[in-house]
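Dumped work29.txt below, it's compact mmCIF, C-alpha atoms:
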```txt
# COMPACT_ATOMS: atom_id res chain seq x y z
CA MET A 1 0.00 0.00 0.00
CA ASN A 2 1.08 3.55 -0.73
CA GLU A 3 3.05 5.11 2.15
CA LYS A 4 0.83 8.20 2.47
CA ILE A 5 -2.36 6.11 2.71
CA ALA A 6 -0.71 3.74 5.22
CA LYS A 7 0.38 6.71 7.38
CA ILE A 8 -3.12 8.25 7.41
CA ILE A 9 -4.64 4.88 8.40
CA GLN A 10 -2.06 4.51 11.17
CA ASN A 11 -3.09 7.93 12.54
CA ILE A 12 -6.74 6.88 12.99
CA LYS A 13 -7.23 6.29 16.70
CA PRO A 14 -10.22 4.88 18.65
CA ILE A 15 -12.78 7.45 19.71
CA ASN A 16 -12.93 8.44 23.42
CA PHE A 17 -15.53 6.13 24.99
CA LYS A 18 -14.80 7.32 28.58
CA LEU A 19 -15.61 10.90 27.62
CA MET A 20 -18.82 9.64 25.99
CA GLU A 21 -19.88 8.24 29.40
CA LYS A 22 -19.30 11.69 30.94
CA ALA A 23 -21.35 13.26 28.15
CA GLN A 24 -24.15 10.80 28.97
CA GLU A 25 -24.05 11.86 32.65
CA LYS A 26 -24.41 15.49 31.59
CA LEU A 27 -27.25 14.67 29.18
CA ASP A 28 -29.04 12.77 31.97
CA ASN A 29 -28.89 15.87 34.20
CA LEU A 30 -30.40 18.28 31.66
CA THR A 31 -33.93 19.61 32.24
CA LYS A 32 -35.78 16.77 30.53
CA PRO A 33 -36.70 13.15 31.21
CA GLN A 34 -33.67 10.94 30.62
CA GLY A 35 -33.28 9.90 26.99
CA SER A 36 -36.28 11.98 25.90
CA LEU A 37 -34.42 13.60 23.01
CA GLY A 38 -33.58 10.21 21.55
CA GLN A 39 -31.07 10.18 18.73
CA LEU A 40 -30.17 13.85 19.21
CA GLU A 41 -28.56 12.82 22.51
CA ASP A 42 -26.73 9.99 20.80
CA PHE A 43 -25.36 12.39 18.16
CA ALA A 44 -24.04 14.71 20.89
CA ARG A 45 -22.46 11.84 22.80
CA ARG A 46 -20.73 10.54 19.66
CA ILE A 47 -19.43 14.01 18.73
CA VAL A 48 -17.88 14.22 22.21
CA GLY A 49 -16.18 10.86 21.67
CA ILE A 50 -14.87 11.89 18.26
CA SER A 51 -13.76 15.44 19.10
CA GLY A 52 -12.34 14.58 22.53
CA THR A 53 -14.05 17.49 24.31
CA LEU A 54 -17.16 17.74 26.54
CA SER A 55 -17.87 21.17 25.03
CA PRO A 56 -17.85 20.59 21.27
CA ALA A 57 -18.96 23.32 18.88
CA ILE A 58 -19.94 22.86 15.26
CA LYS A 59 -18.98 26.05 13.47
CA ARG A 60 -17.26 25.21 10.19
CA LYS A 61 -19.23 22.71 8.12
CA VAL A 62 -17.79 21.58 4.79
CA ILE A 63 -19.46 19.39 2.19
CA PHE A 64 -17.07 17.72 -0.24
CA VAL A 65 -18.74 16.94 -3.57
CA MET A 66 -16.56 14.75 -5.78
CA ALA A 67 -17.27 14.03 -9.43
CA GLY A 68 -16.10 11.43 -11.91
CA ASP A 69 -17.27 9.61 -15.01
CA HIS A 70 -17.61 5.86 -15.52
CA GLY A 71 -16.69 3.89 -18.63
CA VAL A 72 -19.43 1.35 -17.91
CA VAL A 73 -21.97 3.98 -19.06
CA GLU A 74 -21.48 2.60 -22.60
CA GLU A 75 -23.33 -0.56 -21.49
CA GLY A 76 -26.63 1.35 -21.19
CA VAL A 77 -26.76 1.27 -17.36
CA SER A 78 -27.94 4.88 -16.95
CA ALA A 79 -31.03 6.76 -18.08
CA TYR A 80 -28.83 9.84 -18.65
CA PRO A 81 -25.88 10.38 -21.04
CA GLN A 82 -22.36 10.87 -19.72
CA GLU A 83 -22.38 14.62 -20.57
CA VAL A 84 -24.73 15.18 -17.64
CA THR A 85 -21.86 14.71 -15.15
CA PHE A 86 -20.04 17.74 -16.59
CA GLN A 87 -23.25 19.78 -16.87
CA MET A 88 -24.30 19.07 -13.29
CA VAL A 89 -20.86 19.86 -11.86
CA TYR A 90 -21.10 23.20 -13.68
CA ASN A 91 -24.42 23.67 -11.89
CA PHE A 92 -22.68 23.02 -8.52
CA ILE A 93 -20.00 25.60 -9.31
CA ARG A 94 -22.64 28.17 -10.26
CA GLY A 95 -24.68 27.51 -7.11
CA GLY A 96 -27.87 26.24 -8.76
CA ALA A 97 -28.08 22.60 -7.63
CA GLY A 98 -30.02 20.98 -4.80
CA ILE A 99 -26.88 20.68 -2.68
CA ASN A 100 -26.15 24.40 -3.08
CA VAL A 101 -29.61 25.29 -1.82
CA LEU A 102 -29.42 22.95 1.21
CA ALA A 103 -25.84 23.96 2.06
CA ARG A 104 -26.86 27.62 2.09
CA HIS A 105 -29.89 26.69 4.19
CA MET A 106 -27.73 25.19 6.95
CA GLY A 107 -24.61 27.34 6.64
CA ALA A 108 -22.16 24.93 5.07
CA GLU A 109 -19.40 25.50 2.53
CA ILE A 110 -19.17 23.33 -0.59
CA VAL A 111 -15.90 22.10 -2.06
CA VAL A 112 -16.40 20.72 -5.57
CA VAL A 113 -13.71 18.34 -6.85
CA ASP A 114 -13.08 17.03 -10.37
CA MET A 115 -11.78 13.52 -9.70
CA GLY A 116 -12.26 12.21 -13.23
CA VAL A 117 -14.92 14.00 -15.26
CA ALA A 118 -14.67 13.11 -18.98
CA LYS A 119 -14.20 16.78 -19.96
CA ASP A 120 -12.06 19.66 -18.67
CA PHE A 121 -13.56 22.66 -16.86
CA PRO A 122 -12.49 26.16 -17.98
CA LEU A 123 -9.55 27.44 -15.93
CA GLU A 124 -11.53 30.40 -14.61
CA GLU A 125 -14.02 28.10 -12.84
CA SER A 126 -13.55 27.56 -9.10
CA ILE A 127 -13.23 23.80 -8.88
CA ILE A 128 -10.56 21.67 -7.21
CA ARG A 129 -8.75 19.82 -9.99
CA LYS A 130 -7.60 16.33 -9.01
CA LYS A 131 -8.45 14.55 -12.27
CA ILE A 132 -6.98 11.03 -12.33
CA ALA A 133 -8.22 10.34 -15.90
CA TYR A 134 -11.12 11.24 -18.19
CA GLY A 135 -13.44 8.71 -16.60
CA THR A 136 -12.76 5.10 -15.60
CA ASN A 137 -12.49 2.21 -18.04
CA ASN A 138 -15.51 0.02 -18.75
CA MET A 139 -15.51 -2.39 -15.81
CA ALA A 140 -17.57 -4.90 -17.80
CA LYS A 141 -14.49 -5.46 -19.99
CA GLY A 142 -11.69 -5.22 -17.40
CA PRO A 143 -10.57 -3.23 -14.33
CA ALA A 144 -12.16 0.21 -13.96
CA MET A 145 -8.70 1.58 -13.14
CA SER A 146 -5.17 0.46 -12.30
CA LYS A 147 -4.10 -0.09 -8.69
CA ASN A 148 -1.92 3.01 -9.01
CA GLU A 149 -4.92 5.09 -10.13
CA ALA A 150 -6.97 3.73 -7.21
CA GLU A 151 -4.24 4.82 -4.79
CA ARG A 152 -4.00 8.22 -6.48
CA ALA A 153 -7.78 8.69 -6.11
CA ILE A 154 -7.59 7.96 -2.37
CA ILE A 155 -4.56 10.24 -1.97
CA ALA A 156 -6.39 13.02 -3.86
CA GLY A 157 -9.27 12.73 -1.37
CA ILE A 158 -6.82 12.93 1.55
CA GLU A 159 -5.15 15.99 0.01
CA VAL A 160 -8.44 17.81 -0.65
CA PHE A 161 -9.50 17.37 2.98
CA GLU A 162 -6.12 18.40 4.41
CA GLU A 163 -5.86 21.44 2.11
CA GLU A 164 -9.21 22.67 3.48
CA LEU A 165 -8.20 21.84 7.06
CA ASN A 166 -5.02 23.87 6.67
CA LYS A 167 -7.07 26.95 5.75
CA LYS A 168 -9.22 26.80 8.88
CA ARG A 169 -10.39 24.26 11.44
CA ILE A 170 -13.20 21.97 10.22
CA ASP A 171 -15.78 20.76 12.77
CA ILE A 172 -17.78 18.35 10.60
CA ILE A 173 -17.89 17.22 6.98
CA GLY A 174 -20.56 15.91 4.65
CA LEU A 175 -19.88 13.82 1.56
CA GLY A 176 -21.57 14.11 -1.83
CA GLU A 177 -20.89 12.99 -5.39
CA MET A 178 -21.82 13.25 -9.03
CA GLY A 179 -21.09 10.71 -11.73
CA ILE A 180 -23.39 9.19 -14.33
CA ALA A 181 -23.38 5.36 -13.86
CA ASN A 182 -21.90 5.53 -10.35
CA THR A 183 -24.79 3.53 -8.84
CA THR A 184 -23.57 0.67 -11.07
CA SER A 185 -20.11 0.88 -9.50
CA SER A 186 -21.60 1.22 -6.02
CA SER A 187 -23.81 -1.86 -6.51
CA ALA A 188 -20.75 -3.84 -7.63
CA ILE A 189 -18.79 -2.67 -4.56
CA ALA A 190 -21.71 -3.46 -2.23
CA ALA A 191 -22.29 -6.90 -3.76
CA CYS A 192 -18.60 -7.75 -3.42
CA LEU A 193 -17.91 -6.40 0.08
CA THR A 194 -21.20 -7.40 1.74
CA LYS A 195 -21.31 -10.73 -0.18
CA SER A 196 -24.85 -9.95 -1.32
CA LYS A 197 -26.65 -11.01 -4.49
CA VAL A 198 -26.31 -8.42 -7.24
CA GLU A 199 -30.13 -8.36 -7.60
CA ASP A 200 -30.46 -7.35 -3.93
CA VAL A 201 -28.19 -4.29 -4.19
CA THR A 202 -29.12 -2.96 -7.63
CA GLY A 203 -31.82 -0.32 -8.07
CA SER A 204 -33.09 2.06 -10.71
CA GLY A 205 -30.36 4.70 -10.26
CA THR A 206 -31.34 7.72 -12.35
CA GLY A 207 -34.74 6.18 -13.16
CA LEU A 208 -34.33 2.98 -15.19
CA ASN A 209 -37.30 0.85 -16.18
CA GLN A 210 -37.52 -2.88 -15.33
CA GLU A 211 -35.87 -3.99 -18.58
CA GLN A 212 -32.99 -1.56 -18.08
CA ILE A 213 -32.53 -2.70 -14.46
CA LYS A 214 -32.22 -6.30 -15.71
CA ASN A 215 -29.48 -5.16 -18.09
CA LYS A 216 -27.74 -3.26 -15.26
CA ILE A 217 -27.77 -6.42 -13.09
CA LYS A 218 -26.35 -8.45 -15.98
CA ILE A 219 -23.54 -5.90 -16.53
CA ILE A 220 -22.62 -5.81 -12.80
CA LYS A 221 -22.50 -9.63 -12.68
CA LYS A 222 -20.28 -9.58 -15.78
CA ALA A 223 -17.95 -6.98 -14.21
CA LEU A 224 -17.60 -9.06 -11.03
CA GLU A 225 -16.96 -12.22 -13.06
CA VAL A 226 -14.42 -10.58 -15.39
CA ASN A 227 -12.48 -8.80 -12.61
CA LYS A 228 -12.91 -11.09 -9.58
CA PRO A 229 -12.28 -8.33 -7.01
CA ASN A 230 -10.90 -9.59 -3.69
CA PRO A 231 -13.46 -8.76 -0.94
CA GLN A 232 -10.66 -8.78 1.66
CA ASP A 233 -8.80 -5.98 -0.16
CA GLY A 234 -10.57 -2.62 -0.37
CA LEU A 235 -8.01 -1.22 -2.79
CA ASP A 236 -8.49 -4.17 -5.15
CA VAL A 237 -12.28 -3.72 -5.08
CA LEU A 238 -11.93 0.02 -5.78
CA SER A 239 -9.57 -0.54 -8.70
CA LYS A 240 -11.62 -3.34 -10.28
CA VAL A 241 -15.19 -1.96 -10.02
CA GLY A 242 -14.97 1.49 -8.39
CA GLY A 243 -14.89 5.10 -9.54
CA PHE A 244 -12.47 7.97 -9.09
CA GLU A 245 -15.01 9.98 -7.06
CA ILE A 246 -15.68 6.92 -4.88
CA GLY A 247 -11.95 6.59 -4.20
CA GLY A 248 -11.69 10.31 -3.48
CA LEU A 249 -14.51 10.14 -0.94
CA ALA A 250 -12.88 7.10 0.70
CA GLY A 251 -9.68 9.14 1.04
CA CYS A 252 -11.67 12.02 2.52
CA ILE A 253 -13.15 9.64 5.13
CA LEU A 254 -9.71 8.32 6.10
CA ALA A 255 -8.23 11.83 6.37
CA ALA A 256 -11.14 13.20 8.42
CA ALA A 257 -11.01 10.24 10.83
CA SER A 258 -7.24 10.68 11.25
CA HIS A 259 -7.88 14.31 12.29
CA ARG A 260 -10.82 13.40 14.58
CA VAL A 261 -13.39 15.16 12.39
CA PRO A 262 -16.89 13.60 12.20
CA ILE A 263 -18.10 12.47 8.77
CA VAL A 264 -21.70 12.46 7.53
CA ILE A 265 -22.27 10.23 4.53
CA ASP A 266 -25.10 10.87 2.09
CA GLY A 267 -26.72 8.04 0.12
CA PHE A 268 -25.69 4.86 -1.64
CA ILE A 269 -22.56 6.10 -3.43
CA SER A 270 -20.94 7.76 -0.41
CA CYS A 271 -21.90 4.62 1.56
CA ALA A 272 -19.97 2.56 -1.02
CA SER A 273 -17.00 4.86 -0.32
CA ALA A 274 -17.46 4.16 3.39
CA LEU A 275 -17.41 0.40 2.67
CA ILE A 276 -14.01 0.86 0.97
CA ALA A 277 -12.65 3.15 3.71
CA ILE A 278 -13.75 0.83 6.54
CA LYS A 279 -12.25 -2.18 4.74
CA LEU A 280 -8.93 -0.27 4.64
CA ALA A 281 -9.25 1.14 8.19
CA PRO A 282 -11.87 -0.50 10.46
CA LEU A 283 -11.48 2.25 13.12
CA ALA A 284 -12.84 4.82 10.65
CA LYS A 285 -16.32 3.37 11.18
CA ASP A 286 -16.84 5.15 14.52
CA TYR A 287 -16.28 8.55 12.89
CA ILE A 288 -19.10 8.04 10.37
CA PHE A 289 -22.74 9.12 10.70
CA ALA A 290 -25.36 7.88 8.23
CA SER A 291 -27.70 10.71 7.25
CA HIS A 292 -30.64 9.22 5.36
CA ASN A 293 -32.00 6.02 3.96
CA SER A 294 -31.83 6.32 0.19
CA VAL A 295 -34.50 4.89 -2.09
CA GLU A 296 -31.64 3.02 -3.85
CA LYS A 297 -32.17 -0.56 -2.60
CA GLY A 298 -28.51 -1.48 -2.00
CA HIS A 299 -28.16 1.34 0.51
CA LYS A 300 -30.04 -0.46 3.31
CA ILE A 301 -27.81 -3.54 2.91
CA ALA A 302 -24.61 -1.47 2.85
CA LEU A 303 -25.68 0.51 5.95
CA LYS A 304 -26.57 -2.65 7.83
CA TYR A 305 -23.20 -4.16 6.92
CA ILE A 306 -21.30 -1.19 8.42
CA GLY A 307 -23.65 -1.09 11.42
CA LYS A 308 -25.18 2.33 10.76
CA ILE A 309 -28.79 3.37 11.39
CA PRO A 310 -29.86 6.27 9.15
CA MET A 311 -31.23 9.39 10.83
CA PHE A 312 -34.22 9.83 8.54
CA ASP A 313 -36.01 8.53 5.45
CA LEU A 314 -37.57 11.23 3.29
CA GLY A 315 -37.65 9.17 0.09
CA MET A 316 -34.57 11.01 -1.23
CA ARG A 317 -32.27 9.68 -3.96
CA LEU A 318 -30.60 12.75 -5.47
CA GLY A 319 -27.08 12.33 -4.09
CA GLU A 320 -24.81 15.39 -4.32
CA GLY A 321 -24.57 15.43 -0.49
CA THR A 322 -28.18 16.62 -0.04
CA GLY A 323 -28.93 14.05 2.68
CA ALA A 324 -25.59 14.75 4.37
CA ALA A 325 -26.42 18.47 4.57
CA LEU A 326 -29.67 17.74 6.42
CA GLY A 327 -27.88 15.17 8.60
CA ILE A 328 -25.32 17.75 9.70
CA SER A 329 -28.13 20.02 10.90
CA PHE A 330 -29.52 17.22 13.11
CA ILE A 331 -26.08 16.58 14.62
CA GLU A 332 -25.59 20.29 15.23
CA ALA A 333 -28.95 20.38 17.04
CA GLY A 334 -27.84 17.49 19.27
CA VAL A 335 -24.57 19.25 20.13
CA LYS A 336 -26.45 22.44 21.04
CA ILE A 337 -28.71 20.45 23.37
CA LEU A 338 -25.63 19.17 25.20
CA THR A 339 -23.85 22.53 25.42
CA GLN A 340 -26.69 25.07 25.78
CA MET A 341 -29.50 23.36 27.71
CA ALA A 342 -29.65 23.97 31.46
CA THR A 343 -29.21 21.24 34.07
CA PHE A 344 -31.88 20.72 36.76
CA LYS A 345 -29.62 22.43 39.30
CA GLU A 346 -28.89 25.45 37.04
CA ALA A 347 -32.57 25.93 36.25
CA GLY A 348 -33.78 25.38 39.82
CA VAL A 349 -36.06 22.59 38.66
CA ASP A 350 -36.87 19.60 40.87
CA ASN A 351 -35.45 16.40 39.48
CA LYS A 352 -38.04 13.77 40.34
CA SER A 353 -35.61 10.94 39.63
CA SER A 354 -33.23 12.06 42.41
```
Target format structure tokens, applied to this file:
Amino acid sequence: MNEKIAKIIQNIKPINFKLMEKAQEKLDNLTKPQGSLGQLEDFARRIVGISGTLSPAIKRKVIFVMAGDHGVVEEGVSAYPQEVTFQMVYNFIRGGAGINVLARHMGAEIVVVDMGVAKDFPLEESIIRKKIAYGTNNMAKGPAMSKNEAERAIIAGIEVFEEELNKKRIDIIGLGEMGIANTTSSSAIAACLTKSKVEDVTGSGTGLNQEQIKNKIKIIKKALEVNKPNPQDGLDVLSKVGGFEIGGLAGCILAAASHRVPIVIDGFISCASALIAIKLAPLAKDYIFASHNSVEKGHKIALKYIGKIPMFDLGMRLGEGTGAALGISFIEAGVKILTQMATFKEAGVDNKSS
């Protein structure tokens, strides 16, 4: 494994479970029946364990949106043409996409990264350029990328996170993506790493009909048969059936965990990135929050495999980090409960349980 990736993985330490117990004591003494704020209390407790402080504050929120094209699109696995990746990333840069609206709504910055879009963006556009290649190869015919390219994708994700961190402290990140045909890659990753049937993890993606879904399943099975990715080796799985944006997000997860920054994943594709990251570094799992339950059917299986319960299910399946943006706002609410709500003693309220 590449030295930089190995070093980042080595720097990922267990979260602070003792401090989480202290956070629970504080939560139990706030002016409310114990446990009455449910998951919001759990979010606060986990943020304490990750950040290593009983007084966490979520100020700087950054959503990393990584984009890349997929060679497997030529097999008819998407309802949209490949050009849409470029067009939608342009929309992100100009501030007109769903993720831009939700990020503005909850006060987050967006960092848009070209990991492997099949076309170059004009130099005057504000986009982080980490292009590994102009899209992956067609995984139905051979590996999506070389092992070296897979490592470079992960390293690019690490670099993007650390470059932002060097500008100013980051308190929480959300992950989003764009890439026509990336649900095909994600289904292949999920099938391989969770040892599930391809049929069980493959959905309609951008809106395929039943006949097109059958073709998509056939293509994923072919890709897995042709490439035989090793489920014990996350890097091998990424290189054989992954995408550059999926590798970049996996790198982002590893880097954030190594710097004790909580990570909120979005839907199925960022969950596939989490599968890769956790396979490379099992300790990264405790730094990850699952925002929503995507309509994409493989998402439930992938979440269950990594032991994550989604915060909400609003029938969303857009991607881009839209679910992650909303998830961050729930976590921030939980942290404010912990740090701003009065205890029984402070408020002069009788605590019946004492």
Exercise for the section: Please work out which residues fall within 12 Å of (-8.0, -5.3, -1.7), coordinates as given in the file, with all atoms listed in the file counting, and return them as an MDAnalysis selection string. Expected result: chainID A and resid 1 147 150:151 189 192:193 228:242 275:281
Practice task
Just give me the gap between atom CA of Cys271 of chain A and atom CA of Met66 of chain A in Å, one decimal is fine.
Solution key: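 Distance reported for this atom pair: 13.6 Å.
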Practice task
Using atom CA of Leu314 of chain A and atom CA of Gly38 of chain A as the two end points, give the distance in Å to one decimal.
Solution key: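 Computing the Euclidean distance for atom CA of Leu314 of chain A and atom CA of Gly38 of chain A yields 18.7 Å.
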Exercise for the section: Compile the contact shell of segment 112-121 of chain A as a PyMOL selection string: residues with an atom at most 10 Å away, counting all atoms listed in the file, same-chain residues fewer than 2 positions apart removed. Expected result: chain A and resi 63-71+82-83+85-86+89-90+92-93+109-110+123-136+152-153+156-157+160+176-180+243-249
Problem - Among the residues A:Asp313, A:Asp350, A:Glu296, A:Asp286, the one that comes closest to Ile47 of chain A [using all atoms listed in the file] - result: A:Asp286
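All polymer residues at most 7 Å from (-22.4, 22.1, 22.7), using all atoms listed in the file, appear as Ser55, Pro56, Ala57, Val335, Lys336, Ile337, Leu338, Thr339 and Gln340 of chain A.
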Exercise for the section: Would you mind reading off the distance between atom CA of Asn100 of chain A and atom CA of Met88 of chain A, one decimal, in Å? Expected result: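 These two atoms are separated by 11.7 Å.
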Practice task
For Gly327 of chain A, list every protein, DNA or RNA residue within 9 Å, evaluated using all atoms listed in the file, and leave out those in the same chain fewer than 2 positions away; present the list as a PyMOL selection string.
Solution key: chain A and resi 174+264-266+289-292+311-312+322-325+329-332
